[in-house]
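Presented below is the structure to which this report refers.
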Amino acid sequence: LIGGLLGLLSGYFRNWIGQVLSTLFDILLAIPALVLAMALVAVLKGDPSDTEAFHLSPILILIIALGIVSIPLLARITRANTMAWSQREFVTAARAQGASDWRILFREILPNVLPAMVYIALLGMAIAVVAEGSLAILGASVVPPTPTWGVMIVEGKVDMEEAPFIMFIPIVVVFLTVMS
């Protein structure tokens, strides 16, 4: 939702707001997603020895990190589609009839941009599944009693000799999920 809304705004309003948002998207896309997610997890976790500080739950930290990593991809695609659709004749006609910018944005452009946003959001979910598994392997995911596929893979590494299926079943499920 955040990436789509920011992409709509930066694609429709081509003033300094659009330029700032576009530059922010470019900066976030220039940083590798896994490195950015690990940095966000490290910053949000804070110092565990500081008992006075406010600490977020590990699941919330993971949600925030993966959410921030997925925003620029959706925003960039939405921005490009918004820029293309905002130049169409029906938008010019709506403007000539006196429609406000917000009405044009949400009633004329959004329904046309929405299919591309949904496709990219589905791709973003696959990226989030892989990113969570990667963060778990690197030790930056949720705490091990919480079940995630990444944590299951990490826990299965220790029993690789006796029971390799403990690690390979979550790997196959992650693969099938991403492929679907």
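Just remember, in the structure tokens the first chain shown is A, the second B, etc., residues are 1-based per chain, and ligands are 1-based in the order shown.
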Close residues, Val43 of chain A itself excluded, 12 Å, only C-alpha atoms, min 2 positions apart in chain, as a list of chain:residue names |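 These residues fall inside the cut-off: A:Leu36, A:Ala37, A:Met38, A:Ala39, A:Leu40, A:Val41, A:Lys45, A:Gly46, A:Asp47, A:Pro48, A:His55, A:Leu56, A:Ile61, A:Leu62, A:Ile64, A:Ala65, A:Ala140.
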Excluding Met167 of chain A and residues on its chain fewer than 4 positions from it, collect all residues at most 10 Å away from it, counting only C-alpha atoms, and give them as a list of chain:residue names.
->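 Result of the neighbour search: A:Trp149, A:Gly150, A:Val151, A:Met152, A:Ile153, A:Val154, A:Glu155, A:Gly156, A:Lys157, A:Val158, A:Asp159, A:Met160, A:Ala163, A:Ile171, A:Val172.
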Would you put the residues from that selection into a file with all heavy atoms, as an mmCIF file, in the first residue's frame?
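Full text of selection-v7.cif as output:
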```
data_model
loop_
_atom_site.group_PDB
_atom_site.id
_atom_site.type_symbol
_atom_site.label_atom_id
_atom_site.label_comp_id
_atom_site.auth_asym_id
_atom_site.auth_seq_id
_atom_site.Cartn_x
_atom_site.Cartn_y
_atom_site.Cartn_z
ATOM 1 N N TRP A 149 9.924 -20.729 7.636
ATOM 2 C CA TRP A 149 10.664 -21.663 6.796
ATOM 3 C C TRP A 149 12.164 -21.437 6.911
ATOM 4 O O TRP A 149 12.947 -22.380 6.876
ATOM 5 C CB TRP A 149 10.209 -21.547 5.353
ATOM 6 C CG TRP A 149 8.837 -22.114 5.125
ATOM 7 C CD1 TRP A 149 8.267 -23.147 5.818
ATOM 8 C CD2 TRP A 149 7.890 -21.704 4.178
ATOM 9 N NE1 TRP A 149 7.012 -23.391 5.345
ATOM 10 C CE2 TRP A 149 6.750 -22.511 4.321
ATOM 11 C CE3 TRP A 149 7.875 -20.724 3.208
ATOM 12 C CZ2 TRP A 149 5.624 -22.380 3.539
ATOM 13 C CZ3 TRP A 149 6.745 -20.588 2.421
ATOM 14 C CH2 TRP A 149 5.646 -21.406 2.584
ATOM 15 N N GLY A 150 12.580 -20.196 7.052
ATOM 16 C CA GLY A 150 14.008 -19.918 7.218
ATOM 17 C C GLY A 150 14.555 -20.509 8.508
ATOM 18 O O GLY A 150 15.640 -21.094 8.525
ATOM 19 N N VAL A 151 13.802 -20.377 9.601
ATOM 20 C CA VAL A 151 14.229 -20.951 10.883
ATOM 21 C C VAL A 151 14.265 -22.471 10.788
ATOM 22 O O VAL A 151 15.168 -23.124 11.323
ATOM 23 C CB VAL A 151 13.306 -20.465 12.026
ATOM 24 C CG1 VAL A 151 13.575 -21.217 13.308
ATOM 25 C CG2 VAL A 151 13.481 -18.967 12.235
ATOM 26 N N MET A 152 13.296 -23.082 10.099
ATOM 27 C CA MET A 152 13.288 -24.537 9.927
ATOM 28 C C MET A 152 14.509 -25.014 9.153
ATOM 29 O O MET A 152 15.074 -26.067 9.460
ATOM 30 C CB MET A 152 12.013 -24.979 9.216
ATOM 31 C CG MET A 152 10.766 -24.850 10.026
ATOM 32 S SD MET A 152 9.359 -25.344 9.012
ATOM 33 C CE MET A 152 8.028 -24.715 10.000
ATOM 34 N N ILE A 153 14.916 -24.257 8.146
ATOM 35 C CA ILE A 153 16.116 -24.608 7.381
ATOM 36 C C ILE A 153 17.345 -24.538 8.275
ATOM 37 O O ILE A 153 18.196 -25.437 8.270
ATOM 38 C CB ILE A 153 16.257 -23.687 6.146
ATOM 39 C CG1 ILE A 153 15.138 -23.950 5.156
ATOM 40 C CG2 ILE A 153 17.622 -23.865 5.486
ATOM 41 C CD1 ILE A 153 15.034 -22.920 4.038
ATOM 42 N N VAL A 154 17.441 -23.482 9.077
ATOM 43 C CA VAL A 154 18.591 -23.315 9.967
ATOM 44 C C VAL A 154 18.622 -24.431 11.005
ATOM 45 O O VAL A 154 19.686 -24.997 11.295
ATOM 46 C CB VAL A 154 18.554 -21.925 10.642
ATOM 47 C CG1 VAL A 154 19.583 -21.812 11.745
ATOM 48 C CG2 VAL A 154 18.769 -20.838 9.610
ATOM 49 N N GLU A 155 17.482 -24.765 11.593
ATOM 50 C CA GLU A 155 17.443 -25.833 12.590
ATOM 51 C C GLU A 155 17.741 -27.195 11.978
ATOM 52 O O GLU A 155 18.266 -28.080 12.642
ATOM 53 C CB GLU A 155 16.082 -25.854 13.290
ATOM 54 C CG GLU A 155 15.891 -24.693 14.237
ATOM 55 C CD GLU A 155 14.530 -24.713 14.914
ATOM 56 O OE1 GLU A 155 13.624 -25.445 14.448
ATOM 57 O OE2 GLU A 155 14.364 -23.978 15.898
ATOM 58 N N GLY A 156 17.409 -27.376 10.696
ATOM 59 C CA GLY A 156 17.684 -28.647 10.033
ATOM 60 C C GLY A 156 19.137 -28.833 9.649
ATOM 61 O O GLY A 156 19.561 -29.960 9.358
ATOM 62 N N LYS A 157 19.936 -27.764 9.650
ATOM 63 C CA LYS A 157 21.354 -27.889 9.287
ATOM 64 C C LYS A 157 22.117 -28.768 10.256
ATOM 65 O O LYS A 157 23.018 -29.492 9.854
ATOM 66 C CB LYS A 157 22.017 -26.501 9.242
ATOM 67 C CG LYS A 157 21.828 -25.797 7.950
ATOM 68 C CD LYS A 157 22.720 -24.589 7.758
ATOM 69 C CE LYS A 157 23.061 -23.832 8.994
ATOM 70 N NZ LYS A 157 23.799 -22.590 8.734
ATOM 71 N N VAL A 158 21.767 -28.723 11.535
ATOM 72 C CA VAL A 158 22.521 -29.492 12.524
ATOM 73 C C VAL A 158 22.279 -30.984 12.381
ATOM 74 O O VAL A 158 23.137 -31.792 12.741
ATOM 75 C CB VAL A 158 22.188 -29.027 13.963
ATOM 76 C CG1 VAL A 158 22.638 -27.601 14.170
ATOM 77 C CG2 VAL A 158 20.718 -29.175 14.263
ATOM 78 N N ASP A 159 21.138 -31.402 11.852
ATOM 79 C CA ASP A 159 20.816 -32.818 11.678
ATOM 80 C C ASP A 159 20.980 -33.271 10.238
ATOM 81 O O ASP A 159 20.333 -34.228 9.810
ATOM 82 C CB ASP A 159 19.370 -33.080 12.126
ATOM 83 C CG ASP A 159 19.171 -32.818 13.600
ATOM 84 O OD1 ASP A 159 20.115 -33.057 14.372
ATOM 85 O OD2 ASP A 159 18.071 -32.371 13.974
ATOM 86 N N MET A 160 21.850 -32.629 9.508
ATOM 87 C CA MET A 160 22.002 -32.920 8.086
ATOM 88 C C MET A 160 22.473 -34.351 7.838
ATOM 89 O O MET A 160 22.058 -34.977 6.871
ATOM 90 C CB MET A 160 22.985 -31.922 7.484
ATOM 91 C CG MET A 160 23.120 -32.022 6.027
ATOM 92 S SD MET A 160 21.829 -31.111 5.247
ATOM 93 C CE MET A 160 22.549 -31.007 3.650
ATOM 94 N N ALA A 163 19.229 -36.825 9.313
ATOM 95 C CA ALA A 163 17.902 -36.574 8.746
ATOM 96 C C ALA A 163 17.932 -35.352 7.834
ATOM 97 O O ALA A 163 17.520 -34.264 8.223
ATOM 98 C CB ALA A 163 16.897 -36.390 9.869
ATOM 99 N N ILE A 171 13.080 -26.185 2.263
ATOM 100 C CA ILE A 171 13.696 -25.624 1.056
ATOM 101 C C ILE A 171 12.794 -25.869 -0.151
ATOM 102 O O ILE A 171 12.562 -24.956 -0.960
ATOM 103 C CB ILE A 171 15.103 -26.236 0.826
ATOM 104 C CG1 ILE A 171 16.069 -25.724 1.895
ATOM 105 C CG2 ILE A 171 15.609 -25.914 -0.569
ATOM 106 C CD1 ILE A 171 17.409 -26.394 1.870
ATOM 107 N N VAL A 172 12.259 -27.054 -0.280
ATOM 108 C CA VAL A 172 11.378 -27.383 -1.403
ATOM 109 C C VAL A 172 10.088 -26.570 -1.315
ATOM 110 O O VAL A 172 9.593 -26.056 -2.326
ATOM 111 C CB VAL A 172 11.076 -28.900 -1.427
ATOM 112 C CG1 VAL A 172 9.960 -29.228 -2.399
ATOM 113 C CG2 VAL A 172 12.331 -29.669 -1.776
#
```
If you run DSSP on the backbone, which residues of chain A are alpha helix (DSSP H), as JSON, numbers by chain?
-> {"A": [2, 3, 4, 5, 6, 7, 8, 9, 10, 11, 12, 16, 17, 18, 19, 20, 21, 22, 23, 24, 25, 26, 27, 28, 29, 30, 33, 34, 35, 36, 37, 38, 39, 40, 41, 42, 43, 44, 45, 58, 59, 60, 61, 62, 63, 64, 65, 66, 67, 68, 69, 70, 71, 72, 73, 74, 75, 76, 77, 78, 79, 80, 81, 82, 83, 84, 85, 89, 90, 91, 92, 93, 94, 95, 96, 101, 102, 103, 110, 111, 112, 113, 114, 115, 116, 117, 118, 119, 120, 121, 122, 123, 124, 125, 126, 127, 128, 129, 130, 131, 132, 133, 134, 135, 136, 137, 149, 150, 151, 152, 153, 154, 155, 156, 157, 165, 166, 167, 168, 169, 170, 171, 172, 173, 174, 175, 176, 177, 178, 179]}
Nearest residue to Thr23 of chain A from the set A:Ile127, A:Leu60, A:Ala75, A:Ala99 (distances using only C-alpha atoms) =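 Looking only at the distances to Thr23 of chain A, the closest residue turns out to be A:Ala75.
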Which residues, written as a ChimeraX atom specification, have at least one atom at most 10 Å from Ala131 of chain A, with only C-alpha atoms counted and residues fewer than 2 positions away on the same chain left out?
-> /A:33-34,37-38,62,65-66,69,125-129,133-137,141,150
Would you mind listing what lies within 12 Å of Gln19 of chain A as a list in words, with only C-alpha atoms counted and same-chain residues fewer than 6 positions away left out?
-> Leu6, Gly7, Leu9, Ser10, Gly11, Tyr12, Phe13, Phe25, Asp26 and Arg79 of chain A
Export, as a CSV table (one decimal), in the first residue's frame, the selected residues with C-alpha atoms.
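This is the output file result.csv:
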```
chain,number,residue,atom,x,y,z
A,6,LEU,CA,4.1,6.8,-3.1
A,7,GLY,CA,4.5,5.6,-6.7
A,9,LEU,CA,2.0,10.4,-6.0
A,10,SER,CA,5.4,10.7,-7.6
A,11,GLY,CA,4.2,9.7,-11.0
A,12,TYR,CA,1.2,12.1,-11.1
A,13,PHE,CA,2.7,15.1,-9.3
A,25,PHE,CA,13.3,5.0,-4.6
A,26,ASP,CA,16.5,5.1,-6.7
A,79,ARG,CA,5.3,5.5,-10.9
```
Using only C-alpha atoms, which residues sit within 12 Å of Asp101 of chain A once same-chain residues fewer than 6 positions away are excluded, as a list in words?
->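 After dropping sequence-adjacent residues, the list is Leu8, Leu9, Tyr12, Phe13, Ser86, Val91, Thr92, Ala94, Arg95, Arg107, Glu108 and Ile109 of chain A.
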Same residues, C-alpha atoms, saved as a PDB file, in the first residue's frame:
```
ATOM      1  CA  LEU A   8       1.080   7.117  -7.634  1.00  0.00           C
ATOM      2  CA  LEU A   9       1.964  10.439  -6.030  1.00  0.00           C
ATOM      3  CA  TYR A  12       1.220  12.071 -11.069  1.00  0.00           C
ATOM      4  CA  PHE A  13       2.712  15.098  -9.337  1.00  0.00           C
ATOM      5  CA  SER A  86      -1.678  10.321 -16.815  1.00  0.00           C
ATOM      6  CA  VAL A  91      -7.308  12.124 -18.068  1.00  0.00           C
ATOM      7  CA  THR A  92      -7.168  15.280 -20.159  1.00  0.00           C
ATOM      8  CA  ALA A  94     -11.456  14.685 -16.816  1.00  0.00           C
ATOM      9  CA  ARG A  95      -9.182  17.662 -16.204  1.00  0.00           C
ATOM     10  CA  ARG A 107     -10.907   7.347 -10.190  1.00  0.00           C
ATOM     11  CA  GLU A 108      -9.143   7.520 -13.554  1.00  0.00           C
ATOM     12  CA  ILE A 109      -5.508   6.455 -13.143  1.00  0.00           C
TER      13      ILE A 109
END
```
Mind pulling up the distance from atom CA of Val113 of chain A to atom CA of Thr82 of chain A?
->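 Atom-to-atom, atom CA of Thr82 of chain A to atom CA of Val113 of chain A, that is 6.5 Å.
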Using only C-alpha atoms, which residues sit within 10 Å of Ser180 of chain A once same-chain residues fewer than 3 positions away are excluded, as a ChimeraX atom specification?
-> /A:122-123,126,174-177
Written selection (all heavy atoms) as a PDB file, in the first residue's frame:
```
ATOM      1  N   LEU A 122       2.701  -9.382  -6.008  1.00  0.00           N
ATOM      2  CA  LEU A 122       2.875 -10.837  -5.918  1.00  0.00           C
ATOM      3  C   LEU A 122       4.345 -11.220  -6.035  1.00  0.00           C
ATOM      4  O   LEU A 122       4.826 -12.099  -5.315  1.00  0.00           O
ATOM      5  CB  LEU A 122       2.049 -11.537  -6.999  1.00  0.00           C
ATOM      6  CG  LEU A 122       0.541 -11.513  -6.789  1.00  0.00           C
ATOM      7  CD1 LEU A 122      -0.173 -12.080  -8.000  1.00  0.00           C
ATOM      8  CD2 LEU A 122       0.156 -12.266  -5.539  1.00  0.00           C
ATOM      9  N   LEU A 123       5.063 -10.568  -6.914  1.00  0.00           N
ATOM     10  CA  LEU A 123       6.504 -10.801  -7.023  1.00  0.00           C
ATOM     11  C   LEU A 123       7.200 -10.385  -5.730  1.00  0.00           C
ATOM     12  O   LEU A 123       8.119 -11.061  -5.266  1.00  0.00           O
ATOM     13  CB  LEU A 123       7.068 -10.027  -8.212  1.00  0.00           C
ATOM     14  CG  LEU A 123       8.572 -10.117  -8.425  1.00  0.00           C
ATOM     15  CD1 LEU A 123       8.967 -11.541  -8.773  1.00  0.00           C
ATOM     16  CD2 LEU A 123       9.002  -9.153  -9.496  1.00  0.00           C
ATOM     17  N   ALA A 126       7.055 -13.096  -3.095  1.00  0.00           N
ATOM     18  CA  ALA A 126       8.056 -14.138  -3.314  1.00  0.00           C
ATOM     19  C   ALA A 126       9.434 -13.662  -2.851  1.00  0.00           C
ATOM     20  O   ALA A 126      10.185 -14.413  -2.226  1.00  0.00           O
ATOM     21  CB  ALA A 126       8.092 -14.527  -4.785  1.00  0.00           C
ATOM     22  N   VAL A 174       9.716 -23.590   0.088  1.00  0.00           N
ATOM     23  CA  VAL A 174      10.053 -22.216  -0.295  1.00  0.00           C
ATOM     24  C   VAL A 174      10.166 -22.109  -1.806  1.00  0.00           C
ATOM     25  O   VAL A 174       9.644 -21.188  -2.437  1.00  0.00           O
ATOM     26  CB  VAL A 174      11.358 -21.751   0.394  1.00  0.00           C
ATOM     27  CG1 VAL A 174      11.877 -20.478  -0.242  1.00  0.00           C
ATOM     28  CG2 VAL A 174      11.138 -21.546   1.883  1.00  0.00           C
ATOM     29  N   PHE A 175      10.832 -23.076  -2.421  1.00  0.00           N
ATOM     30  CA  PHE A 175      10.974 -23.088  -3.875  1.00  0.00           C
ATOM     31  C   PHE A 175       9.611 -23.139  -4.568  1.00  0.00           C
ATOM     32  O   PHE A 175       9.349 -22.368  -5.491  1.00  0.00           O
ATOM     33  CB  PHE A 175      11.837 -24.281  -4.315  1.00  0.00           C
ATOM     34  CG  PHE A 175      11.879 -24.483  -5.796  1.00  0.00           C
ATOM     35  CD1 PHE A 175      12.638 -23.648  -6.595  1.00  0.00           C
ATOM     36  CD2 PHE A 175      11.138 -25.481  -6.397  1.00  0.00           C
ATOM     37  CE1 PHE A 175      12.672 -23.812  -7.967  1.00  0.00           C
ATOM     38  CE2 PHE A 175      11.159 -25.655  -7.758  1.00  0.00           C
ATOM     39  CZ  PHE A 175      11.929 -24.833  -8.559  1.00  0.00           C
ATOM     40  N   LEU A 176       8.739 -24.041  -4.118  1.00  0.00           N
ATOM     41  CA  LEU A 176       7.418 -24.151  -4.731  1.00  0.00           C
ATOM     42  C   LEU A 176       6.577 -22.900  -4.509  1.00  0.00           C
ATOM     43  O   LEU A 176       5.828 -22.486  -5.396  1.00  0.00           O
ATOM     44  CB  LEU A 176       6.700 -25.385  -4.182  1.00  0.00           C
ATOM     45  CG  LEU A 176       7.300 -26.737  -4.594  1.00  0.00           C
ATOM     46  CD1 LEU A 176       6.571 -27.870  -3.895  1.00  0.00           C
ATOM     47  CD2 LEU A 176       7.260 -26.912  -6.096  1.00  0.00           C
ATOM     48  N   THR A 177       6.705 -22.287  -3.349  1.00  0.00           N
ATOM     49  CA  THR A 177       5.967 -21.053  -3.071  1.00  0.00           C
ATOM     50  C   THR A 177       6.424 -19.928  -3.991  1.00  0.00           C
ATOM     51  O   THR A 177       5.602 -19.195  -4.558  1.00  0.00           O
ATOM     52  CB  THR A 177       6.130 -20.638  -1.598  1.00  0.00           C
ATOM     53  OG1 THR A 177       5.676 -21.698  -0.770  1.00  0.00           O
ATOM     54  CG2 THR A 177       5.365 -19.374  -1.290  1.00  0.00           C
TER      55      THR A 177
END
```
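Picture a line from atom CA of Trp16 of chain A to atom CA of Leu1 of chain A; it runs 21.9 Å.
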Atom pair atom CA of Pro170 of chain A + atom CA of Gly124 of chain A, distance 19.6 Å
Using only C-alpha atoms, the shortest atom-to-atom distance to Pro32 of chain A among A:Val173, A:Val118, A:Leu73, A:Ala80 belongs to A:Leu73
